[in-house]
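Novice: See input-v2.txt below, with compact mmCIF, C-alpha atoms (C1' of nucleotides).
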# COMPACT_ATOMS: atom_id res chain seq x y z
CA MET A 299 152.06 131.43 90.20
CA GLN A 300 151.81 134.91 91.58
CA LYS A 301 155.33 135.77 90.49
CA LEU A 302 154.27 135.80 86.85
CA LYS A 303 151.59 138.39 87.51
CA SER A 304 153.96 140.40 89.65
CA ILE A 305 156.43 140.61 86.79
CA TYR A 306 153.64 141.45 84.40
CA ASN A 307 152.42 144.29 86.59
CA LYS A 308 155.90 145.74 86.84
CA LEU A 309 156.42 145.56 83.10
CA LEU A 310 153.05 147.10 82.35
CA LYS A 311 153.66 149.93 84.78
CA HIS A 312 157.13 150.57 83.40
CA PHE A 313 156.52 150.28 79.66
CA GLY A 314 152.77 150.81 79.37
CA PRO A 315 150.44 148.90 77.03
CA GLN A 316 152.20 147.79 73.84
CA HIS A 317 149.05 147.32 71.75
CA TRP A 318 150.52 144.53 69.64
CA TRP A 319 150.61 143.31 66.88
CA PRO A 320 151.49 146.21 64.58
CA GLY A 321 149.58 145.63 61.35
CA ASP A 322 146.43 146.77 59.61
CA THR A 323 144.87 143.37 58.92
CA PRO A 324 145.12 139.79 60.17
CA PHE A 325 146.74 138.83 56.88
CA GLU A 326 149.36 141.53 57.25
CA ILE A 327 150.05 140.29 60.77
CA MET A 328 150.55 136.74 59.53
CA ILE A 329 152.91 137.89 56.79
CA GLY A 330 154.76 139.98 59.33
CA ALA A 331 155.12 136.94 61.57
CA ILE A 332 157.07 135.18 58.84
CA LEU A 333 159.10 138.22 57.84
CA THR A 334 160.17 139.01 61.39
CA GLN A 335 161.85 135.65 61.97
CA ASN A 336 165.18 136.44 63.60
CA THR A 337 165.01 139.96 62.22
CA ASN A 338 164.55 143.50 63.47
CA TRP A 339 160.94 144.67 63.13
CA GLY A 340 162.06 147.92 61.53
CA ASN A 341 163.42 145.94 58.63
CA VAL A 342 160.13 144.08 58.36
CA GLU A 343 158.25 147.35 58.08
CA LYS A 344 160.37 148.31 55.11
CA ALA A 345 159.60 145.01 53.45
CA ILE A 346 155.88 145.36 54.10
CA ASP A 347 155.95 148.92 52.80
CA ASN A 348 157.55 147.61 49.62
CA LEU A 349 154.80 145.01 49.27
CA LYS A 350 152.16 147.69 49.75
CA GLY A 351 153.90 149.97 47.28
CA ALA A 352 153.91 147.18 44.71
CA ARG A 353 150.28 146.47 45.58
CA VAL A 354 150.91 142.77 46.16
CA LEU A 355 150.02 142.54 49.84
CA GLY A 356 147.40 139.83 49.40
CA ALA A 357 147.33 136.06 49.37
CA ARG A 358 146.46 135.87 45.66
CA ASP A 359 149.17 138.34 44.70
CA LEU A 360 151.90 136.76 46.81
CA GLY A 361 150.84 133.31 45.71
CA LYS A 362 151.48 134.02 42.05
CA ILE A 363 154.15 136.74 42.10
CA ASN A 364 157.53 135.94 40.62
CA LEU A 365 159.72 134.43 43.34
CA LYS A 366 162.74 136.54 42.53
CA LYS A 367 160.67 139.71 42.33
CA LEU A 368 159.17 138.93 45.71
CA GLY A 369 162.64 138.44 47.11
CA GLU A 370 163.69 141.89 45.97
CA LEU A 371 160.64 143.47 47.58
CA ILE A 372 161.23 141.87 50.96
CA ARG A 373 164.99 142.15 50.80
CA PRO A 374 165.27 144.55 53.78
CA SER A 375 163.83 141.90 56.10
CA GLY A 376 166.85 139.64 55.61
CA TYR A 377 166.95 135.98 54.56
CA PHE A 378 164.98 137.26 51.60
CA ARG A 379 165.33 134.15 49.42
CA VAL A 380 164.13 131.81 52.14
CA LYS A 381 161.39 134.15 53.29
CA ALA A 382 160.11 134.73 49.75
CA ARG A 383 159.63 131.00 49.45
CA LYS A 384 158.00 130.82 52.87
CA LEU A 385 155.54 133.57 51.97
CA LYS A 386 154.49 131.80 48.79
CA VAL A 387 154.09 128.45 50.54
CA PHE A 388 152.00 130.03 53.27
CA CYS A 389 149.82 132.05 50.89
CA ARG A 390 149.09 129.02 48.74
CA TRP A 391 148.09 127.14 51.87
CA LEU A 392 145.94 130.05 53.03
CA ILE A 393 144.10 130.22 49.72
CA LYS A 394 143.47 126.50 49.86
CA GLN A 395 141.98 126.96 53.32
CA GLY A 396 139.61 129.61 52.03
CA GLY A 397 141.25 132.66 53.57
CA VAL A 398 141.60 134.20 57.00
CA ARG A 399 137.87 134.24 57.70
CA GLN A 400 137.74 130.48 57.38
CA LEU A 401 140.80 130.06 59.58
CA LYS A 402 139.17 131.99 62.40
CA LYS A 403 136.30 129.53 62.43
CA GLN A 404 138.60 126.65 63.33
CA ASN A 405 139.56 125.85 66.88
CA ILE A 406 143.15 126.09 67.98
CA GLN A 407 143.46 122.37 68.65
CA SER A 408 143.08 121.54 64.96
CA LEU A 409 144.54 124.72 63.51
CA ARG A 410 147.86 124.86 65.34
CA PRO A 411 149.11 121.47 64.09
CA GLN A 412 148.16 122.47 60.56
CA LEU A 413 150.21 125.65 60.78
CA LEU A 414 153.18 123.72 62.13
CA GLU A 415 153.08 121.39 59.15
CA ILE A 416 153.63 124.28 56.76
CA TRP A 417 157.22 124.58 55.59
CA GLY A 418 158.76 127.70 57.12
CA ILE A 419 156.38 128.02 60.04
CA GLY A 420 157.73 126.93 63.41
CA PRO A 421 156.20 127.18 66.89
CA GLU A 422 156.76 130.89 67.47
CA THR A 423 155.51 131.95 64.06
CA ALA A 424 152.47 129.70 64.41
CA ASP A 425 151.63 131.01 67.86
CA SER A 426 152.15 134.62 66.77
CA MET A 427 149.66 134.07 63.97
CA LEU A 428 147.19 132.29 66.24
CA CYS A 429 147.41 134.83 69.04
CA TYR A 430 147.69 138.14 67.24
CA ALA A 431 146.00 137.52 63.89
CA LEU A 432 143.40 134.88 64.73
CA ASP A 433 142.70 135.79 68.37
CA LYS A 434 143.40 132.33 69.72
CA SER A 435 144.59 132.08 73.33
CA THR A 436 148.09 130.71 72.92
CA PHE A 437 151.18 132.10 74.63
CA VAL A 438 153.98 133.15 72.30
CA VAL A 439 157.51 132.23 73.33
CA ASP A 440 160.53 133.85 71.76
CA ALA A 441 164.26 134.16 72.42
CA TYR A 442 163.65 136.96 74.91
CA THR A 443 161.11 134.89 76.81
CA LYS A 444 163.62 132.06 77.19
CA ARG A 445 166.46 134.36 78.16
CA ILE A 446 164.49 136.45 80.64
CA GLY A 447 162.81 133.44 82.21
CA ASN A 448 166.09 131.66 82.78
CA ARG A 449 167.95 134.73 84.04
CA VAL A 450 165.17 135.68 86.39
CA GLY A 451 165.04 132.12 87.63
CA LEU A 452 161.46 131.41 86.61
CA PHE A 453 162.48 128.12 85.02
CA LYS A 454 165.55 126.14 83.99
CA PHE A 455 164.61 124.81 80.57
CA GLN A 456 164.96 125.92 76.96
CA ASP A 457 162.35 123.84 75.19
CA TYR A 458 159.71 125.96 73.46
CA HIS A 459 156.65 124.02 74.52
CA GLN A 460 157.89 123.53 78.06
CA ILE A 461 158.17 127.30 78.43
CA LYS A 462 154.87 127.90 76.68
CA ASP A 463 153.15 125.44 79.02
CA PHE A 464 154.77 127.08 82.02
CA PHE A 465 153.20 130.44 81.21
CA GLU A 466 149.83 129.02 80.24
CA GLN A 467 149.60 126.84 83.35
CA ASN A 468 150.50 129.69 85.67
CA LEU A 469 148.40 132.45 84.14
CA PRO A 470 144.65 132.83 83.68
CA LYS A 471 143.57 131.87 80.17
CA ASP A 472 143.17 135.42 78.89
CA LEU A 473 143.91 136.35 75.29
CA ASP A 474 144.57 140.02 75.99
CA LEU A 475 146.89 139.08 78.84
CA TYR A 476 148.81 136.70 76.58
CA LYS A 477 149.11 139.34 73.89
CA GLU A 478 150.30 142.02 76.25
CA TYR A 479 152.62 139.82 78.28
CA HIS A 480 154.59 138.61 75.27
CA ALA A 481 154.83 142.14 73.87
CA LEU A 482 156.09 143.42 77.21
CA LEU A 483 158.70 140.67 77.46
CA VAL A 484 159.98 141.68 74.03
CA GLU A 485 160.15 145.30 75.12
CA LEU A 486 162.04 144.33 78.26
CA GLY A 487 164.37 142.14 76.26
CA LYS A 488 165.11 144.76 73.63
CA ASN A 489 166.08 147.29 76.27
CA TYR A 490 167.55 145.30 79.13
CA CYS A 491 168.01 141.62 78.42
CA LYS A 492 170.37 141.27 75.51
CA PRO A 493 172.74 138.30 75.22
CA LYS A 494 175.22 140.67 76.82
CA PRO A 495 172.93 142.17 79.41
CA VAL A 496 172.57 145.82 80.26
CA CYS A 497 170.47 145.59 83.37
CA ASP A 498 171.53 148.54 85.49
CA SER A 499 168.09 150.08 85.27
CA CYS A 500 166.16 146.91 84.54
CA PRO A 501 162.57 147.39 85.76
CA ILE A 502 162.61 143.94 87.32
CA ASN A 503 166.16 144.27 88.52
CA ARG A 504 165.49 142.86 91.96
CA LEU A 505 164.13 139.67 90.48
CA CYS A 506 167.02 139.38 88.06
CA LYS A 507 169.58 139.61 90.82
CA LYS A 508 168.08 136.71 92.71
CA LYS A 509 169.31 133.98 90.43
CA PRO A 510 171.84 134.93 87.79
CA LEU A 511 172.80 132.22 85.33
CA ARG A 512 175.92 130.25 86.05
CA GLY A 513 178.78 131.98 84.34
CA GLU A 514 176.95 135.29 84.54
CA GLU A 515 177.46 136.00 88.22
CA GLN A 516 179.43 139.10 87.39
CA ARG A 517 176.70 140.42 85.19
CA ALA A 518 174.06 142.76 86.45
CA CYS A 519 171.22 140.53 85.35
C1' DC B 234 184.93 146.63 63.75
C1' DA B 235 181.71 143.38 66.57
C1' DC B 236 177.21 142.49 67.87
C1' DC B 237 172.34 141.82 67.53
C1' DA B 238 167.54 141.31 65.71
C1' DG B 239 160.04 139.38 67.91
C1' DG B 240 163.39 131.66 63.91
C1' DA B 241 163.26 127.62 61.23
C1' DA B 242 165.18 123.95 58.39
C1' DT B 243 168.69 120.83 57.85
C1' DG B 244 172.53 117.97 59.10
C1' DT B 245 175.30 115.53 62.59
C1' DA B 246 176.39 112.52 66.60
C1' DT C 243 167.60 114.44 72.11
C1' DA C 244 170.98 118.09 71.72
C1' DC C 245 173.85 121.05 69.18
C1' DA C 246 175.95 123.09 64.95
C1' DT C 247 175.32 125.33 60.50
C1' DT C 248 172.90 128.04 57.06
C1' DC C 249 170.14 131.82 55.74
C1' DA C 250 171.17 137.99 55.10
C1' DT C 251 169.85 142.87 55.70
C1' DG C 252 170.29 146.91 58.56
C1' DG C 253 170.90 149.42 62.93
C1' DT C 254 173.97 150.59 66.98
What would the structure in this file look like if it were written as structure tokens?
Specialist:
Amino acid sequence: MQKLKSIYNKLLKHFGPQHWWPGDTPFEIMIGAILTQNTNWGNVEKAIDNLKGARVLGARDLGKINLKKLGELIRPSGYFRVKARKLKVFCRWLIKQGGVRQLKKQNIQSLRPQLLEIWGIGPETADSMLCYALDKSTFVVDAYTKRIGNRVGLFKFQDYHQIKDFFEQNLPKDLDLYKEYHALLVELGKNYCKPKPVCDSCPINRLCKKKPLRGEEQRAC
DNA sequence: CACCAGGAATGTA
DNA sequence: TACATTCATGGT
């Protein structure tokens, strides 16, 4: 579908390359993927800074650190009790797998289901890890992707894998394209595609106005 | 004050 | 299958 590339080109021209994912190492990216669940990235940075300050930003450290202490360190990221448990579960799993280097050797067909079995890791978190930390070609879908796609009229469904398949089947299988496209959709969403839209200067305004959602006819997007 | 943020697990019908 | 609820801090 040419429309997908057209949107991508507009976003890239408007926002420029996003060079995602922010993070120094693949492990840090994977931890960030858990911490950023339904949370502002700025808050995640504070949590990661705390982990660095406490010198526990490693699978071994996080695997054995006191659960309550870990919760205090990541408190700024929100849901800190749940996320502390998620981090420990993931790190124990990672150690058992032999670390990030071993993960990268696996193919996505076997690795993705394994990630999804881990308590606390859903489809978006798994795909974020696969795409941005492990360099596997999988398209990441998030709340913005769903919202933008439906408002623009690209598709009419909400299911994660349906949307993921839509992008992957209508784009060339290109890791860098996947990485950049998702990052650009997030940037668009943060600025112009909130639940209560502010689309007056939306860079893909013309597309948005084609098919507004029912009940949103009076909205700009 | 209300609203939102780069979700996922759990429970209900 | 499709929703509703819970988890929680911090910025605007």
Novice: By how many Å are C1' of DC249 in chain C and CA of Pro324 in chain A apart?
Specialist: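 About the pair C1' of DC249 in chain C and CA of Pro324 in chain A: they are 26.6 Å apart.
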Novice: Using all atoms listed in the file, which chain C residues lie at most 12 Å away from chain A, written as a VMD selection string?
Specialist: chain C and resid 243 to 244 248 to 253
Novice: Hey, could you make a per-residue contact list for chain B against chain A with 10 Å as the cut-off, showing the nearest pair of atoms and its distance in Å to one decimal, counting all atoms listed in the file, sorted by chain and number, as JSON lines?
Specialist:
{"residue": "B:DC236", "atom": "C1'", "partner": "A:Lys494", "partner_atom": "CA", "distance": 9.3}
{"residue": "B:DC237", "atom": "C1'", "partner": "A:Lys492", "partner_atom": "CA", "distance": 8.2}
{"residue": "B:DA238", "atom": "C1'", "partner": "A:Asn338", "partner_atom": "CA", "distance": 4.3}
{"residue": "B:DG239", "atom": "C1'", "partner": "A:Thr334", "partner_atom": "CA", "distance": 6.5}
{"residue": "B:DG240", "atom": "C1'", "partner": "A:Gln335", "partner_atom": "CA", "distance": 4.7}
{"residue": "B:DA241", "atom": "C1'", "partner": "A:Gly420", "partner_atom": "CA", "distance": 6.0}
{"residue": "B:DA242", "atom": "C1'", "partner": "A:Gly418", "partner_atom": "CA", "distance": 7.5}
Novice: Can you tell me how far CA of Lys434 in chain A sits from CA of Arg399 in chain A, in Å to one decimal?
Specialist: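 Separation between CA of Lys434 in chain A and CA of Arg399 in chain A: 13.4 Å.
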Novice: Work out how far apart C1' of DT243 in chain B and C1' of DA246 in chain C are and give it in Å to one decimal.
Specialist: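 So the two atoms, C1' of DT243 in chain B and C1' of DA246 in chain C, lie 10.4 Å apart.
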